[in-house]
Amino acid sequence: MADRYTLDGFVITTIEPPGAINAGADSGRLFINDAQTGVMAWWSMGRWGNLTARDAVIAKATTMTLADFRAWFDRQDDPFGGEGDEDEDGQ
């Protein structure tokens, strides 16, 4: 995935950033970290039911500041995609 950023410069990734407990190993979640330090500023607690839902959330995040994105994400009923929305590999 090419680097994506929030409007205020935080990096959006799908793999836990360097320096984190599970750096590079924990995928399936969404991570937003400081571009300069790599310190995580936000991460999804759940895992995505499908990649289309995850990609839509990433696209939305690129149009907002981190604070606005966090508020928007918290208002979503099911940002991860439902069980009926699973990818072909069942994840």
# chains A, B, ... in the order shown; residues from 1 in each chain; ligands from 1
$ residues_around --residues "range 30-42 of chain A" --least-positions-apart "3" --cutoff "9 Å" --atoms "only C-alpha atoms" --output "number ranges by chain"
A: 5-6, 9-20, 27, 45-48, 54, 58, 66, 70
$ select_by_dssp --residues "chain A" --states "strand (DSSP E or B)" --output "ChimeraX atom specification"
/A:4-5,10-15,27-34,40-43
$ residues_around --residues "Gly81 in chain A" --least-positions-apart "2" --cutoff "6 Å" --atoms "only C-alpha atoms" --output "mmCIF file with N, CA, C and O atoms, in the first residue's frame"
data_model
loop_
_atom_site.group_PDB
_atom_site.id
_atom_site.type_symbol
_atom_site.label_atom_id
_atom_site.label_comp_id
_atom_site.auth_asym_id
_atom_site.auth_seq_id
_atom_site.Cartn_x
_atom_site.Cartn_y
_atom_site.Cartn_z
ATOM 1 N N GLY A 49 -13.758 -6.862 8.058
ATOM 2 C CA GLY A 49 -14.460 -8.001 7.460
ATOM 3 C C GLY A 49 -14.178 -8.101 5.979
ATOM 4 O O GLY A 49 -14.281 -9.164 5.394
ATOM 5 N N ALA A 53 -14.344 -2.330 2.599
ATOM 6 C CA ALA A 53 -14.705 -1.464 3.732
ATOM 7 C C ALA A 53 -13.468 -0.761 4.269
ATOM 8 O O ALA A 53 -13.490 0.438 4.558
ATOM 9 N N ASP A 78 -20.923 0.198 11.701
ATOM 10 C CA ASP A 78 -20.132 -0.995 11.421
ATOM 11 C C ASP A 78 -19.043 -0.662 10.407
ATOM 12 O O ASP A 78 -19.149 -1.014 9.235
ATOM 13 N N PRO A 79 -17.982 0.013 10.842
ATOM 14 C CA PRO A 79 -16.938 0.408 9.891
ATOM 15 C C PRO A 79 -16.120 -0.762 9.361
ATOM 16 O O PRO A 79 -15.437 -0.641 8.352
ATOM 17 N N ASP A 85 -20.086 -9.675 4.569
ATOM 18 C CA ASP A 85 -19.252 -8.896 3.668
ATOM 19 C C ASP A 85 -17.810 -9.405 3.624
ATOM 20 O O ASP A 85 -16.918 -8.702 3.219
#
$ select_by_dssp --residues "range 32-82 of chain A" --states "alpha helix (DSSP H)" --output "list in words"
Leu51, Thr52, Ala53, Arg54, Asp55, Ala56, Val57, Ile58, Ala59, Lys60, Ala61, Leu66, Ala67, Asp68, Phe69, Arg70, Ala71, Trp72, Phe73 and Asp74 of chain A
$ atom_distance --atom1 "CA of Arg75 in chain A" --atom2 "CA of Arg29 in chain A"
18.0 Å
$ closest_residue --among "A:Leu51, A:Ala2, A:Leu7, A:Ile21" --to "Met64 in chain A" --atoms "only C-alpha atoms"
A:Leu7
